[in-house]
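Take a look at the structure below.
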Amino acid sequence: MSNAPFSPADMARRRKRAVIMALILAALMVLFFALTIVRIGSNFTAVAGG
Amino acid sequence: MSDLQLNIASDSALGGQGTAGDYFALLKPRVMSLVVFTAFVGIVAAPGTLHPLLALVALLAIAVGAGASGALNMWYDADIDAVMRRTRSRPVPRGAILPGEALGFGGFLAAASVIVLGLFVNLVAAALLAFTIFFYVVIYTMWLKRWTPQNIVIGGAAGALPPMIGWAAVTGTIDPGAISLFLIIFMWTPPHFWALALFREDDYAKAGVPMLPNVAGPDETRRQILLYTLVLLPLTFLPALLGVSGSVYVAGAALLSAIFVYYAVQVYRLREGAAATGACRKLFGFSILWLFLVFALIPVERLLGIASFPSVLP
């Protein structure tokens with residue numbers, strides 16, 4: 001019996017979870033960047049219009 | 001230490017055993033889909049406009065907030081879930097995810113969803129989302145669910161708030177139109193859940209959850225289902241009176257509500273054997289379809305350019 005805390009199956013599961021987490025974080029990064037542009041754009045329009 | 005804790009301790013003492021699918025299941029995706037849909041209707045029904053990307057992020061934050069509530073509910077209710085047939089294969093009672101992991105996951109997502117909604121959309125919507133999560137987790141899950149058979153009547157407020165959050169994301173206010181959408185879901189919840197509780201009565205009794213059928217009895221539950229359905233009927237037309245919806249909504253809601261009342265009457269009439277169970281199952285299934293279709297009529301009217309009625313309010 002191995003003394004390693006995680007079996008190869010555990011490690012594979014963790015790797016898959018880490019990849020999904022990385023993809024979610026990358027998507028959030030793009031989303032928040034786009035949102036910031038939208039918010040700055042709307043503030044700019046409001047200031048220019050007012 | 002309870003059997004559940006022993007089981008978890010022996011199977012996954014190290015933690016980190018859950019798959020991405022297990023974590024997704026913690027979010028209660030089926031409940032989340034209904035929350036997202038009703039919040040979307042709130043956004044569409046509200047007067048005013050919202051940039052499509054901001055609308056998307058509002059829906060995302062509401063979905064994540066609802067999912068966080070589900071995860072926190074599964075953390076707290078792991079003991080109940082472990083003994084109920086319907087819920088015993090959930091990730092926490094199954095030992096795939098430790099209670100502490102569910103708590104951390106849910107807590108993080110709850111905070112993140114409220115912060116994102118507040119920063120990018122508006123503070124009223126964020127405050128409503130925070131209140132919804134608090135109400136579902138603390139008021140319903142921790143207090144009402146184990147204490148009173150009125151648990152789902154009062155707790156139903158949490159499930160009824162998403163269209164108000166969607167509406168507030170557009171307007172930044174809490175308006176009568178938004179409250180009318182809230183009231184429909186609020187009054188729909190008891191007949192929906194009591195129909196389920198009638199054919200899952202033994203499950204709730206085994207878990208010690210005081211649902212109406214195992215406290216007041218099936219006959220009283222049937223009477224309450226019919227009463228709540230009859231109160232729901234006029235409330236369904238409130239959005240039309242407040243200028244949120246138009247003639248197609250009124251016609252569709254009238255037809256769908258007539259079917260809803262028919263199924264509720266069947267539940268009231270049929271009290272013995274397979275026919276009674278069948279009537280409860282039909283009401284439960286139709287109630288989900290009813291809510292979806294009644295709410296769908298509002299965006300359909302917008303899409304078809306059908307005018308709403310003038311509001312009765314000045």
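Quick note on naming: the chains in the structure tokens go A, B, ... in the order shown, residues restart at 1 in each chain, and ligands are numbered from 1 in order of appearance.
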
Pull the closest atom pair for each residue of chain A that gets at most 7 Å from chain B, along with the distance in Å to one decimal, counting only C-alpha atoms, ordering rows by chain and then ascending residue number, as CSV.
residue,atom,partner,partner_atom,distance
A:Asp10,CA,B:Gln17,CA,6.7
A:Arg13,CA,B:Thr19,CA,6.1
A:Arg17,CA,B:Ala20,CA,5.5
A:Leu35,CA,B:Leu53,CA,6.9

Open item on the list: Just checking: using only C-alpha atoms, which residue out of B:Asn73, B:Thr87, B:Thr277, B:Thr189 ends up closest to Thr141 in chain B?
Closed with: B:Asn73

Open item on the list: I want to know what sits within 10 Å of Ser287 in chain B, based on only C-alpha atoms, with residues of the same chain fewer than 2 positions away left out; could you give that as a ChimeraX atom specification?
Closed with: /B:188-189,191-193,195,256-257,259-260,263-264,281-285,289-293

Open item on the list: Residues within 9 Å of Ala168 in chain B, please, as a list in words. Count only C-alpha atoms; anything in the same chain fewer than 6 positions from it doesn't count.
Closed with: Gly42, Ile43, Ala46, Asn122, Val124, Ala125, Ala126, Leu128, Ile174, Asp175 and Ala178 of chain B

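Each of B:Lys145, B:Leu198, B:Val248, B:Leu303 was checked against Gly278 in chain B using only C-alpha atoms; the smallest atom-to-atom distance is that of B:Leu198.
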
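In this structure, CA of Ala296 in chain B sits 23.7 Å away from CA of Leu27 in chain B.
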
Open item on the list: Going by DSSP on the backbone, which residues of range 135-255 of chain B come out as alpha helix (DSSP H)? List them as a VMD selection string.
Closed with: chain B and resid 145 to 147 151 to 160 162 to 171 176 to 199 201 to 207 212 to 215 218 to 235 238 to 241 247 to 255

Keeping C-alpha atoms, export the residues of the selection given above as a compact mmCIF listing (two decimals), in the first residue's frame.
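The file below, out_13.txt, is the result:
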# COMPACT_ATOMS: atom_id res chain seq x y z
CA LYS B 145 -37.00 24.20 8.04
CA ARG B 146 -36.50 22.22 11.24
CA TRP B 147 -38.89 24.22 13.38
CA ASN B 151 -41.18 26.55 6.69
CA ILE B 152 -41.78 26.71 2.97
CA VAL B 153 -44.52 29.36 3.21
CA ILE B 154 -42.15 31.90 4.81
CA GLY B 155 -38.97 30.44 3.29
CA GLY B 156 -40.56 30.73 -0.15
CA ALA B 157 -39.69 34.44 -0.05
CA ALA B 158 -36.08 33.55 -0.88
CA GLY B 159 -37.10 31.78 -4.09
CA ALA B 160 -39.45 34.62 -5.00
CA PRO B 162 -34.80 36.74 -8.06
CA PRO B 163 -37.20 38.61 -10.42
CA MET B 164 -37.01 41.57 -8.02
CA ILE B 165 -33.20 41.43 -8.17
CA GLY B 166 -33.36 41.33 -11.98
CA TRP B 167 -35.78 44.28 -12.01
CA ALA B 168 -33.59 46.24 -9.55
CA ALA B 169 -30.55 45.56 -11.75
CA VAL B 170 -32.26 47.68 -14.44
CA THR B 171 -34.00 50.37 -12.39
CA PRO B 176 -44.83 47.56 -7.49
CA GLY B 177 -44.33 45.67 -10.79
CA ALA B 178 -41.36 43.81 -9.30
CA ILE B 179 -43.35 43.07 -6.14
CA SER B 180 -46.16 41.59 -8.28
CA LEU B 181 -43.68 39.08 -9.78
CA PHE B 182 -42.40 38.33 -6.27
CA LEU B 183 -45.94 37.67 -5.01
CA ILE B 184 -46.68 35.18 -7.79
CA ILE B 185 -43.70 32.96 -6.92
CA PHE B 186 -44.26 33.47 -3.18
CA MET B 187 -47.83 32.19 -3.40
CA TRP B 188 -46.91 29.45 -5.92
CA THR B 189 -44.30 27.88 -3.60
CA PRO B 190 -46.60 26.28 -0.97
CA PRO B 191 -48.83 24.29 -3.38
CA HIS B 192 -45.72 23.27 -5.35
CA PHE B 193 -43.77 21.95 -2.34
CA TRP B 194 -46.75 20.51 -0.46
CA ALA B 195 -47.67 18.45 -3.54
CA LEU B 196 -44.10 17.04 -3.40
CA ALA B 197 -44.31 16.56 0.38
CA LEU B 198 -47.56 14.58 0.01
CA PHE B 199 -45.91 11.87 -2.09
CA GLU B 201 -44.20 12.27 3.24
CA ASP B 202 -42.29 9.28 4.69
CA ASP B 203 -38.98 10.78 3.55
CA TYR B 204 -39.56 14.06 5.42
CA ALA B 205 -40.92 12.23 8.50
CA LYS B 206 -37.82 9.99 8.60
CA ALA B 207 -35.59 13.06 8.51
CA LEU B 212 -47.30 20.08 6.67
CA PRO B 213 -48.41 16.50 5.71
CA ASN B 214 -46.58 14.87 8.65
CA VAL B 215 -47.63 17.58 11.14
CA PRO B 218 -52.56 14.86 4.38
CA ASP B 219 -56.18 16.08 4.41
CA GLU B 220 -55.30 19.48 5.87
CA THR B 221 -52.39 19.72 3.41
CA ARG B 222 -54.79 19.09 0.51
CA ARG B 223 -57.09 21.84 1.81
CA GLN B 224 -54.16 24.26 2.16
CA ILE B 225 -52.95 23.43 -1.38
CA LEU B 226 -56.37 24.31 -2.77
CA LEU B 227 -56.61 27.51 -0.71
CA TYR B 228 -53.17 28.76 -1.74
CA THR B 229 -53.92 27.92 -5.38
CA LEU B 230 -57.14 29.97 -5.22
CA VAL B 231 -55.23 32.92 -3.71
CA LEU B 232 -52.55 32.55 -6.39
CA LEU B 233 -55.18 32.80 -9.14
CA PRO B 234 -55.99 36.56 -8.83
CA LEU B 235 -52.36 37.42 -7.98
CA LEU B 238 -51.44 41.63 -10.87
CA PRO B 239 -48.62 42.27 -13.41
CA ALA B 240 -51.27 43.12 -16.02
CA LEU B 241 -52.99 45.58 -13.64
CA SER B 247 -53.44 40.81 -23.36
CA VAL B 248 -51.44 37.73 -24.37
CA TYR B 249 -50.25 37.37 -20.79
CA VAL B 250 -53.79 37.66 -19.44
CA ALA B 251 -55.16 35.06 -21.87
CA GLY B 252 -52.27 32.64 -21.32
CA ALA B 253 -52.24 33.07 -17.55
CA ALA B 254 -56.02 32.52 -17.39
CA LEU B 255 -55.77 29.25 -19.33

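Atom to atom, CA of Ala68 in chain B and CA of Ala110 in chain B stand 5.2 Å apart.
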